[in-house]
Each structure stands twice: as structure tokens, then as C-alpha cells.
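Colleague: Quick one: the structure is below, questions incoming.
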Amino acid sequence: MKVQTLLCTAALFGGLVVSAAAQQSSPLTKEEAVAIGKEAYVFGYSLITMEMTRRVMTNTEAPEGNHAPMGQFHNARTYPTASFRDVTAPNADTLYSTAWIDVSEEPYVLSLPDEEGRYYLMPMLDAWTTVFQVPGKRTTGTGAQTYAITGPNWKGTLPEGVVEYKSPTAIVWILGRTYCTGTPEDYKAVHAIQDKYALVPLSAYGKPYTPPKGKVDPQIDMKTPVRDQVDKMEIGAYFNLMASLMKNNPPTKEDAPIVERMAKIGVVPGQTFDISKLDPATAQALAAVPKAGIEAMVAEFKTSPKKVNGWEILTKTGIYGTDYLNRALVTAVGLGANRPQDAIYPTSIADADGQPYMGTSNYVIHFDKGQTPPADAFWSVTMYDSQFFFVSNPLNKYTVSPRNDLKHNADGSLDIYVQHQSPGAEKEANWLPAPASKFILMLRMYWPKEKDPSILDGSWNPPGVHKTQVGGSGNIKIKIRRSK
């Protein structure tokens, strides 16, 4: 069947119309189909990744491990370990409280207790990874609060004292984080707070409620990292899932141009995409789209972030507008990223001399007196392998931060030691253990200061990471390419 045959039906969704103008009088060339397919692949990467993540994280009868059924909180009781593979670039500074909800039928009510001044944030991501609301210490304070998360088409009356947060999509990911020092005493204090995080359907609000058991699908791959599952998807399955998801998770009005272009290859919100019905030459050409899309993300990683002192700094996270490539990149390397006002994540894959990091060398991060990261909540430096996962080490230590009782130099400056072997007992508090091979560093700054000095306006930048011992070589690659 010719491509233009698929375009006879206009699709109406979320105020967008795929019009007859999208129809073609002649078949697309292979080059045109691939160009549109690549755009569509990048456009849908966050939507597909969110869905695959949701499936894995909710595939359980009851909260267990890092998983919980739809509509229920999973409260992490300890920091993630090196075996954690559900989400790229996890943190070991806060305890996660996460929940996936579907508000297509009715709203869900989220109740937050009095945090007694403790830093927390409860960002709400739509199905495209946009942070549409973020209650927390920075925005709404730490007192008790109650919110109703409503679907895009919901209309109704809420109980007194319940504030409405309208989601642009049916699927919502609540990715809560509560600061914890990691000591047994502080774990206990945060657990008491987490136990009071409540999530119920609006119809059950104010009534006794026992959440139903979750459904377990044995066909869901619970072992392969989600990113690898997404990157391995054949383009036909990818586009069909994407079109299906867009029915209840509609693109925005600003997405109308790309929605119209996608219709030219048969990708229409709410409609089945069957690659076998395309012109054989077009279908064959589209098979190369995933590789091209991932290569575009890798290129974006190399060019998009601000580069300073060997660090790459993205200040456009959480809210993406029509910057689909940046959205896809952030999804690939740090799914669930916050708004920049809540967190900035400078990332470094090479030292101050431009040489890729290798565990066969030793490095130091030196902060002059008074020049440690300016953050109102906290800061930390995290170690990742080349896939943005934690690195196993004898201390199970994945970050360095002030909670480690860092030892300052006599002049008030601070050195952090990044290396495979211990720098010695007297320096171990300041030690960030590295693997023996390639690695990546990430500086987390939660609630970055908004006034000078600030990373938000560039008046503060992280210092370069300097090699202190020559040895080893190697090239680091951000492996978000298609798996073989």
C-alpha cells in the first residue's frame, strides 16, 4: 500500500488536527521518509522510554524492591546500589518515593505530611517527561499539603483544601525525593515521613482505602535495562507503540508541525501503525531510523551543553517545549531530570586537559575557599560508569558530599580525590571511588542559588578535574547507540 493511502483520515486529538494538507499526491522518496522517521523517532523517544519504564517499575503485585503497582508509592528505604538499572543516572543523596498513576478515568489525590523543614521535592512528570508541577521546599514549603492530580479533560469539584494540578497527559510519574544523610538515625526519620506520603483515587479520598493488587505480566523484561530495551526496538513496533500512547497522552498544540509531518509516514496519534502496509522500499528505509536517531542524540550530547572546565552543563531540563532532541538526550542519560531551578547536573567525561577519564589515573577536584558549589539544598559529586550507572566499590560509596564530613585544607580550600585505589585513611572522607576503567562524573546541585554566585547565570562554574598521576589511556563513549 502506498504511503499516501494511509493519510486519508484526519486525526483529532488534544486540539490538534492532522489535516488533508498532510496527504501527498505522490509517494515519499526514501530520503524524505528517513528524514521524517528520524524526526519522529527523536520526538517519541521520551514517550516510549517513559512507557517502558512504567511497565517495568509497576510489574508487581505489591510494593517490593524498586517497584510498586500503578497508583501506589514505592518508598526507597536506602540509597540505590550498583545493581540498580531501572533509571539512568540515579542519585544517592535522597530517598526516592515514586509512583505511576493513570488519571484518564479519575484524579488521584496526593497528601504530603509536614516535613518539619527537611528538604524534599515531589516533581510530577507527564508522559513526555515534562515536569508540569513540583511541590517541595523551594516552591510550596514543608508544611502539610494536599493535591488532586487531574487528567487533561477532567472537570469537576474537589474537596475543600485540595489544590488541583492538571496533568497534560493520562500517565503521570511522581518522582519524589527526600533528602537523607544516610545515617541509621536519619534513615529512620525519613522513613517516618515516607510512610505518610498518601496517594488515593479521588473517589476514595477521606474513606478507608486498600489499594488493589497489581497485575504481573510475565512477558515484560525485568532484567534488561530499559534504555537497552528501547534502543533495540524495531521501528515498526516503536512507531506503533508511539501512535497508541499518543491517544491518551497527546502532543501539545506546539507539536502540530511535527505531528503533521509524521502523518506522512503513517504515524498518527491513536491509529495503528503497520509497517508492512508501507511501500516496501519505504519500510526498508525506515529500518535505519533508530540508528540515525540515536546518533543524533550522541551528537547533541557533544554540542548542546555549555562546556566549561571539562564540564558539560545543561540548563534546559524538565521543561523542553519543542526542543525534542534535547528532551531525548536528557531522557537517555538522566530520565526524570528536574527543572533547573530545582537541580543542575554538570557532567564530565574528560579531565581539564580534555583526556577521557580512566581509573588507571588519579584525579583531584580542587575548590578554592568559599567556592564550593552554591546550592541552597545540597551538592554532591557522583561516580558513574560509561552507561550512567553506579560503580561497584568496596565502600559502596557512590558520591562525595558535605555529609561525608569532608576534610578541608589549612587554607580553607577543599580537595576531592577521584581514583580507583584509596588515597589513604586520612583522605578517605574526600575519596570518590572510581572503577579501573572508563567513568563519568556528575555534579549535583539541588536548589542552586539564584543570585551571584550562581551556576544558573554562569557567575559560578565548576573547577576542572586535574590528573595527579599519569597512567593508562582510553576513549570514553556515551553508549546510547542501538545495541546489537
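Chain labels follow the order of the C-alpha cells: the first chain is A, the next B, and so on; residue numbering restarts at 1 in every chain, and ligands are counted from 1 in their shown order.
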Write out as a list in words each polymer residue whose atoms come within 8 Å of His366 (chain A), counting only C-alpha atoms; drop sequence neighbours fewer than 4 positions from it.
Modeller: Ser413, Leu414, Asp415, Ile416, Pro463, Gly464 and Val465 of chain A
Colleague: Could you pull the residues within 8 Å of region 129-142 of chain A, counting only C-alpha atoms, minus those fewer than 3 positions along the same chain, as an MDAnalysis selection string?
Modeller: chainID A and resid 46:47 50 114:126 165 167:168 318:320 327 331 335:336 338:339 342 447
Colleague: Write the selection just made, keeping N, CA and C atoms, as a PDB file, in the first residue's frame?
Modeller:
ATOM      1  N   SER A  46      11.198  10.057  24.380  1.00  0.00           N
ATOM      2  CA  SER A  46      10.846  10.228  25.796  1.00  0.00           C
ATOM      3  C   SER A  46       9.543   9.505  26.117  1.00  0.00           C
ATOM      4  N   LEU A  47       8.570   9.572  25.216  1.00  0.00           N
ATOM      5  CA  LEU A  47       7.279   8.920  25.430  1.00  0.00           C
ATOM      6  C   LEU A  47       7.449   7.401  25.520  1.00  0.00           C
ATOM      7  N   MET A  50       9.433   6.458  28.766  1.00  0.00           N
ATOM      8  CA  MET A  50       8.576   6.547  29.947  1.00  0.00           C
ATOM      9  C   MET A  50       7.651   5.332  30.040  1.00  0.00           C
ATOM     10  N   ASP A 114       3.762  17.126  57.074  1.00  0.00           N
ATOM     11  CA  ASP A 114       4.679  18.184  57.491  1.00  0.00           C
ATOM     12  C   ASP A 114       6.099  17.609  57.493  1.00  0.00           C
ATOM     13  N   GLU A 115       6.974  18.210  56.674  1.00  0.00           N
ATOM     14  CA  GLU A 115       8.356  17.712  56.573  1.00  0.00           C
ATOM     15  C   GLU A 115       9.271  18.341  57.637  1.00  0.00           C
ATOM     16  N   GLU A 116       8.726  19.259  58.423  1.00  0.00           N
ATOM     17  CA  GLU A 116       9.465  19.889  59.516  1.00  0.00           C
ATOM     18  C   GLU A 116      10.784  20.492  59.042  1.00  0.00           C
ATOM     19  N   GLY A 117      10.736  21.177  57.905  1.00  0.00           N
ATOM     20  CA  GLY A 117      11.891  21.897  57.409  1.00  0.00           C
ATOM     21  C   GLY A 117      12.843  21.098  56.551  1.00  0.00           C
ATOM     22  N   ARG A 118      12.646  19.801  56.452  1.00  0.00           N
ATOM     23  CA  ARG A 118      13.553  18.946  55.668  1.00  0.00           C
ATOM     24  C   ARG A 118      13.386  19.242  54.174  1.00  0.00           C
ATOM     25  N   TYR A 119      14.493  19.198  53.456  1.00  0.00           N
ATOM     26  CA  TYR A 119      14.419  19.416  52.011  1.00  0.00           C
ATOM     27  C   TYR A 119      13.794  18.205  51.312  1.00  0.00           C
ATOM     28  N   TYR A 120      12.827  18.493  50.454  1.00  0.00           N
ATOM     29  CA  TYR A 120      12.219  17.465  49.620  1.00  0.00           C
ATOM     30  C   TYR A 120      11.646  18.140  48.389  1.00  0.00           C
ATOM     31  N   LEU A 121      11.360  17.365  47.383  1.00  0.00           N
ATOM     32  CA  LEU A 121      10.592  17.851  46.241  1.00  0.00           C
ATOM     33  C   LEU A 121       9.843  16.673  45.656  1.00  0.00           C
ATOM     34  N   MET A 122       8.686  16.963  45.080  1.00  0.00           N
ATOM     35  CA  MET A 122       7.800  15.932  44.577  1.00  0.00           C
ATOM     36  C   MET A 122       7.407  16.258  43.131  1.00  0.00           C
ATOM     37  N   PRO A 123       8.398  16.257  42.205  1.00  0.00           N
ATOM     38  CA  PRO A 123       8.085  16.616  40.816  1.00  0.00           C
ATOM     39  C   PRO A 123       7.117  15.636  40.172  1.00  0.00           C
ATOM     40  N   MET A 124       6.244  16.179  39.328  1.00  0.00           N
ATOM     41  CA  MET A 124       5.271  15.385  38.595  1.00  0.00           C
ATOM     42  C   MET A 124       5.575  15.513  37.105  1.00  0.00           C
ATOM     43  N   LEU A 125       5.881  14.378  36.485  1.00  0.00           N
ATOM     44  CA  LEU A 125       6.235  14.359  35.073  1.00  0.00           C
ATOM     45  C   LEU A 125       5.079  13.818  34.253  1.00  0.00           C
ATOM     46  N   ASP A 126       4.801  14.477  33.130  1.00  0.00           N
ATOM     47  CA  ASP A 126       3.822  13.910  32.221  1.00  0.00           C
ATOM     48  C   ASP A 126       4.476  12.812  31.388  1.00  0.00           C
ATOM     49  N   TYR A 165      -3.845  20.076  40.429  1.00  0.00           N
ATOM     50  CA  TYR A 165      -2.722  20.099  39.493  1.00  0.00           C
ATOM     51  C   TYR A 165      -3.170  19.317  38.258  1.00  0.00           C
ATOM     52  N   SER A 167      -2.739  17.532  34.839  1.00  0.00           N
ATOM     53  CA  SER A 167      -1.705  16.903  34.021  1.00  0.00           C
ATOM     54  C   SER A 167      -2.063  17.022  32.538  1.00  0.00           C
ATOM     55  N   PRO A 168      -1.081  17.283  31.674  1.00  0.00           N
ATOM     56  CA  PRO A 168      -1.354  17.337  30.239  1.00  0.00           C
ATOM     57  C   PRO A 168      -1.601  15.955  29.638  1.00  0.00           C
ATOM     58  N   GLY A 318      13.612  19.393  32.275  1.00  0.00           N
ATOM     59  CA  GLY A 318      12.306  19.424  32.935  1.00  0.00           C
ATOM     60  C   GLY A 318      11.224  20.078  32.114  1.00  0.00           C
ATOM     61  N   ILE A 319      11.546  21.146  31.410  1.00  0.00           N
ATOM     62  CA  ILE A 319      10.601  21.828  30.511  1.00  0.00           C
ATOM     63  C   ILE A 319      11.319  22.000  29.178  1.00  0.00           C
ATOM     64  N   TYR A 320      10.792  21.391  28.113  1.00  0.00           N
ATOM     65  CA  TYR A 320      11.540  21.296  26.865  1.00  0.00           C
ATOM     66  C   TYR A 320      10.901  22.022  25.687  1.00  0.00           C
ATOM     67  N   ARG A 327      15.278  16.975  24.722  1.00  0.00           N
ATOM     68  CA  ARG A 327      14.409  16.136  25.558  1.00  0.00           C
ATOM     69  C   ARG A 327      14.820  14.666  25.457  1.00  0.00           C
ATOM     70  N   THR A 331      16.447  12.298  28.398  1.00  0.00           N
ATOM     71  CA  THR A 331      15.803  11.015  28.672  1.00  0.00           C
ATOM     72  C   THR A 331      16.816   9.888  28.656  1.00  0.00           C
ATOM     73  N   LEU A 335      16.896  10.120  32.823  1.00  0.00           N
ATOM     74  CA  LEU A 335      15.438  10.129  32.845  1.00  0.00           C
ATOM     75  C   LEU A 335      14.920  10.636  34.189  1.00  0.00           C
ATOM     76  N   GLY A 336      13.966  11.556  34.144  1.00  0.00           N
ATOM     77  CA  GLY A 336      13.385  12.102  35.363  1.00  0.00           C
ATOM     78  C   GLY A 336      14.067  13.359  35.854  1.00  0.00           C
ATOM     79  N   ASN A 338      15.031  17.107  36.805  1.00  0.00           N
ATOM     80  CA  ASN A 338      14.233  18.191  37.360  1.00  0.00           C
ATOM     81  C   ASN A 338      14.340  19.460  36.524  1.00  0.00           C
ATOM     82  N   ARG A 339      13.542  20.421  36.878  1.00  0.00           N
ATOM     83  CA  ARG A 339      13.702  21.775  36.334  1.00  0.00           C
ATOM     84  C   ARG A 339      15.021  22.346  36.844  1.00  0.00           C
ATOM     85  N   ASP A 342      15.412  23.588  40.337  1.00  0.00           N
ATOM     86  CA  ASP A 342      15.460  22.584  41.401  1.00  0.00           C
ATOM     87  C   ASP A 342      16.775  21.822  41.412  1.00  0.00           C
ATOM     88  N   TRP A 447      18.565  22.847  44.256  1.00  0.00           N
ATOM     89  CA  TRP A 447      18.142  24.204  44.575  1.00  0.00           C
ATOM     90  C   TRP A 447      19.340  25.135  44.434  1.00  0.00           C
TER      91      TRP A 447
END
Colleague: For Ser111 (chain A), which residue out of A:Thr178, A:Gly156, A:Leu199, A:Thr78 is the nearest one, using only C-alpha atoms?
Modeller: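 Counting only C-alpha atoms, the residue closest to Ser111 (chain A) is A:Leu199.
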Colleague: From the list A:Gln229, A:Asn91, A:Thr49, A:Ser401, which residue is nearest Val330 (chain A) when using only C-alpha atoms?
Modeller: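 The closest residue to Val330 (chain A) is A:Thr49.
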Colleague: So, with only C-alpha atoms as the atoms that count, which of A:Ala148, A:Ile258, A:Leu395, A:Ala429 lies closest to Lys407 (chain A)?
Modeller: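 Looking at the shortest contact to Lys407 (chain A), the residue is A:Ala429.
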Colleague: Mind checking DSSP for region 74-239 of chain A and telling me the strand (DSSP E or B) residues as a PyMOL selection string?
Modeller: chain A and resi 74-75+94-102+108-112+120-121+124-125+131-133+136+145-150+163-166+171-179+198-201
Colleague: For Gly293 (chain A), please output as JSON, numbers by chain all residues within 7 Å (counting only C-alpha atoms; exclusion window: fewer than 5 positions along the same chain).
Modeller: {"A": [38, 41, 42]}
Colleague: Given the selection you just returned, output its residues as a file containing C-alpha atoms, formatted as a PDB file, in the first residue's frame.
Modeller:
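Contents of selection30.pdb, as written:
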ATOM      1  CA  LYS A  38      14.319  10.261  12.273  1.00  0.00           C
ATOM      2  CA  TYR A  41      11.939   8.749  16.440  1.00  0.00           C
ATOM      3  CA  VAL A  42      13.568  11.551  18.405  1.00  0.00           C
TER       4      VAL A  42
END
Colleague: Determine the nearest neighbour of Gly44 (chain A) from the options A:Ala127, A:Leu456, A:Val391, A:Val190, counting only C-alpha atoms.
Modeller: A:Ala127
Colleague: For Met222 (chain A), list every protein, DNA or RNA residue within 10 Å, evaluated using only C-alpha atoms, and leave out those in the same chain fewer than 4 positions away; present the list as a PyMOL selection string.
Modeller: chain A and resi 55-57+59+85-86+218+226
Colleague: Just the selected residues (N, CA, C and O atoms), exported as a PDB file, in the first residue's frame, please.
Modeller:
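File result33.pdb, as written:
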ATOM      1  N   ARG A  55       6.203   0.226  32.687  1.00  0.00           N
ATOM      2  CA  ARG A  55       5.884  -1.204  32.664  1.00  0.00           C
ATOM      3  C   ARG A  55       6.774  -1.984  33.617  1.00  0.00           C
ATOM      4  O   ARG A  55       6.295  -2.857  34.360  1.00  0.00           O
ATOM      5  N   VAL A  56       8.055  -1.694  33.597  1.00  0.00           N
ATOM      6  CA  VAL A  56       8.992  -2.407  34.459  1.00  0.00           C
ATOM      7  C   VAL A  56       8.756  -2.069  35.922  1.00  0.00           C
ATOM      8  O   VAL A  56       8.696  -2.956  36.790  1.00  0.00           O
ATOM      9  N   MET A  57       8.606  -0.786  36.227  1.00  0.00           N
ATOM     10  CA  MET A  57       8.517  -0.365  37.622  1.00  0.00           C
ATOM     11  C   MET A  57       7.198  -0.718  38.282  1.00  0.00           C
ATOM     12  O   MET A  57       7.101  -0.740  39.514  1.00  0.00           O
ATOM     13  N   ASN A  59       5.389  -3.616  37.416  1.00  0.00           N
ATOM     14  CA  ASN A  59       5.099  -5.025  37.148  1.00  0.00           C
ATOM     15  C   ASN A  59       5.286  -5.864  38.411  1.00  0.00           C
ATOM     16  O   ASN A  59       6.197  -6.693  38.519  1.00  0.00           O
ATOM     17  N   ARG A  85      19.231  -0.681  37.911  1.00  0.00           N
ATOM     18  CA  ARG A  85      19.255  -0.461  36.470  1.00  0.00           C
ATOM     19  C   ARG A  85      17.935   0.071  35.922  1.00  0.00           C
ATOM     20  O   ARG A  85      17.744   0.155  34.716  1.00  0.00           O
ATOM     21  N   ASP A  86      16.996   0.456  36.801  1.00  0.00           N
ATOM     22  CA  ASP A  86      15.694   0.904  36.311  1.00  0.00           C
ATOM     23  C   ASP A  86      15.758   2.273  35.644  1.00  0.00           C
ATOM     24  O   ASP A  86      15.053   2.535  34.670  1.00  0.00           O
ATOM     25  N   PRO A 218       4.207 -11.614  32.811  1.00  0.00           N
ATOM     26  CA  PRO A 218       5.468 -12.363  32.684  1.00  0.00           C
ATOM     27  C   PRO A 218       6.225 -12.066  31.394  1.00  0.00           C
ATOM     28  O   PRO A 218       7.404 -12.431  31.278  1.00  0.00           O
ATOM     29  N   VAL A 226      16.079  -0.606  30.811  1.00  0.00           N
ATOM     30  CA  VAL A 226      15.024  -0.049  29.960  1.00  0.00           C
ATOM     31  C   VAL A 226      15.597   0.624  28.725  1.00  0.00           C
ATOM     32  O   VAL A 226      15.073   0.469  27.613  1.00  0.00           O
TER      33      VAL A 226
END
Colleague: Could you tell me which of A:Tyr205, A:Tyr398, A:Phe73, A:Tyr79 comes closest to Glu106 (chain A) if we count only C-alpha atoms?
Modeller: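 Once distances to Glu106 (chain A) are computed over only C-alpha atoms, the minimum belongs to A:Tyr205.
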Colleague: Quick one: everything within 8 Å of region 280-290 of chain A, counting only C-alpha atoms, minus sequence neighbours fewer than 3 positions away in the same chain. Send it as a PDB file with N, CA and C atoms, in the first residue's frame.
Modeller:
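Resulting contents of out_0.pdb:
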ATOM      1  N   LEU A  28       6.439   9.342  -0.918  1.00  0.00           N
ATOM      2  CA  LEU A  28       7.662   9.973  -0.442  1.00  0.00           C
ATOM      3  C   LEU A  28       8.872   9.249  -1.010  1.00  0.00           C
ATOM      4  N   THR A  29       9.934   9.969  -1.205  1.00  0.00           N
ATOM      5  CA  THR A  29      11.189   9.317  -1.546  1.00  0.00           C
ATOM      6  C   THR A  29      11.732   8.653  -0.294  1.00  0.00           C
ATOM      7  N   LYS A  30      12.656   7.730  -0.471  1.00  0.00           N
ATOM      8  CA  LYS A  30      13.264   7.078   0.689  1.00  0.00           C
ATOM      9  C   LYS A  30      13.950   8.097   1.580  1.00  0.00           C
ATOM     10  N   GLU A  31      14.591   9.076   0.981  1.00  0.00           N
ATOM     11  CA  GLU A  31      15.292  10.103   1.748  1.00  0.00           C
ATOM     12  C   GLU A  31      14.320  10.920   2.592  1.00  0.00           C
ATOM     13  N   ALA A  33      11.327   9.918   3.616  1.00  0.00           N
ATOM     14  CA  ALA A  33      10.768   9.052   4.652  1.00  0.00           C
ATOM     15  C   ALA A  33      11.732   8.896   5.822  1.00  0.00           C
ATOM     16  N   VAL A  34      13.012   8.717   5.513  1.00  0.00           N
ATOM     17  CA  VAL A  34      14.008   8.565   6.574  1.00  0.00           C
ATOM     18  C   VAL A  34      14.142   9.848   7.381  1.00  0.00           C
ATOM     19  N   GLY A  37      11.142  10.043   9.520  1.00  0.00           N
ATOM     20  CA  GLY A  37      11.222   8.977  10.507  1.00  0.00           C
ATOM     21  C   GLY A  37      12.199   9.296  11.623  1.00  0.00           C
ATOM     22  N   LYS A  38      13.325   9.874  11.269  1.00  0.00           N
ATOM     23  CA  LYS A  38      14.319  10.261  12.273  1.00  0.00           C
ATOM     24  C   LYS A  38      13.742  11.315  13.206  1.00  0.00           C
ATOM     25  N   TYR A  41      11.269   9.594  15.454  1.00  0.00           N
ATOM     26  CA  TYR A  41      11.939   8.749  16.440  1.00  0.00           C
ATOM     27  C   TYR A  41      12.411   9.586  17.628  1.00  0.00           C
ATOM     28  N   ASP A 231      16.268   0.965  22.840  1.00  0.00           N
ATOM     29  CA  ASP A 231      17.193   1.091  21.719  1.00  0.00           C
ATOM     30  C   ASP A 231      17.159  -0.121  20.787  1.00  0.00           C
ATOM     31  N   GLU A 234      12.481  -2.588  17.103  1.00  0.00           N
ATOM     32  CA  GLU A 234      12.369  -2.386  15.665  1.00  0.00           C
ATOM     33  C   GLU A 234      11.454  -1.197  15.411  1.00  0.00           C
ATOM     34  N   ILE A 235      11.695  -0.513  14.315  1.00  0.00           N
ATOM     35  CA  ILE A 235      10.999   0.757  14.080  1.00  0.00           C
ATOM     36  C   ILE A 235       9.486   0.586  13.941  1.00  0.00           C
ATOM     37  N   ILE A 275       3.919  -1.291   9.643  1.00  0.00           N
ATOM     38  CA  ILE A 275       4.978  -1.018   8.679  1.00  0.00           C
ATOM     39  C   ILE A 275       4.868  -1.909   7.443  1.00  0.00           C
ATOM     40  N   SER A 276       4.212  -3.075   7.577  1.00  0.00           N
ATOM     41  CA  SER A 276       4.083  -3.978   6.435  1.00  0.00           C
ATOM     42  C   SER A 276       3.161  -3.420   5.358  1.00  0.00           C
ATOM     43  N   GLY A 293      18.559   8.088  14.690  1.00  0.00           N
ATOM     44  CA  GLY A 293      18.035   8.871  15.804  1.00  0.00           C
ATOM     45  C   GLY A 293      18.965   8.879  16.993  1.00  0.00           C
ATOM     46  N   ILE A 294      19.540   7.723  17.329  1.00  0.00           N
ATOM     47  CA  ILE A 294      20.449   7.639  18.468  1.00  0.00           C
ATOM     48  C   ILE A 294      21.744   8.375  18.167  1.00  0.00           C
ATOM     49  N   ARG A 482      22.313   2.087  19.375  1.00  0.00           N
ATOM     50  CA  ARG A 482      21.500   0.899  19.255  1.00  0.00           C
ATOM     51  C   ARG A 482      22.332  -0.334  19.606  1.00  0.00           C
TER      52      ARG A 482
END
Colleague: Which one of A:Asn240, A:Gln341, A:Ser348, A:Thr399 sits closest to Ala377 (chain A) if you count only C-alpha atoms?
Modeller: A:Gln341
Colleague: Could you tell me, as number ranges by chain, which residues of region 250-376 of chain A DSSP assigns to helix (DSSP H, G or I) when given the backbone?
Modeller: A: 253-263, 275-277, 280-286, 289-303, 324-334
Colleague: Extract, using only C-alpha atoms, all DNA, RNA and protein residues at most 10 Å from Pro211 (chain A), discarding same-chain residues fewer than 2 positions from it, and format them as number ranges by chain.
Modeller: A: 62, 69-72, 199-201, 204, 209, 213-214
Colleague: To one decimal place in Å, what is the distance between CA of Asn404 (chain A) and CA of Thr347 (chain A)?
Modeller: 21.1 Å
Colleague: Can you measure CA of Lys215 (chain A) to CA of Glu61 (chain A) for me? One decimal in Å is fine.
Modeller: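 For CA of Lys215 (chain A) relative to CA of Glu61 (chain A), the distance reads 5.7 Å.
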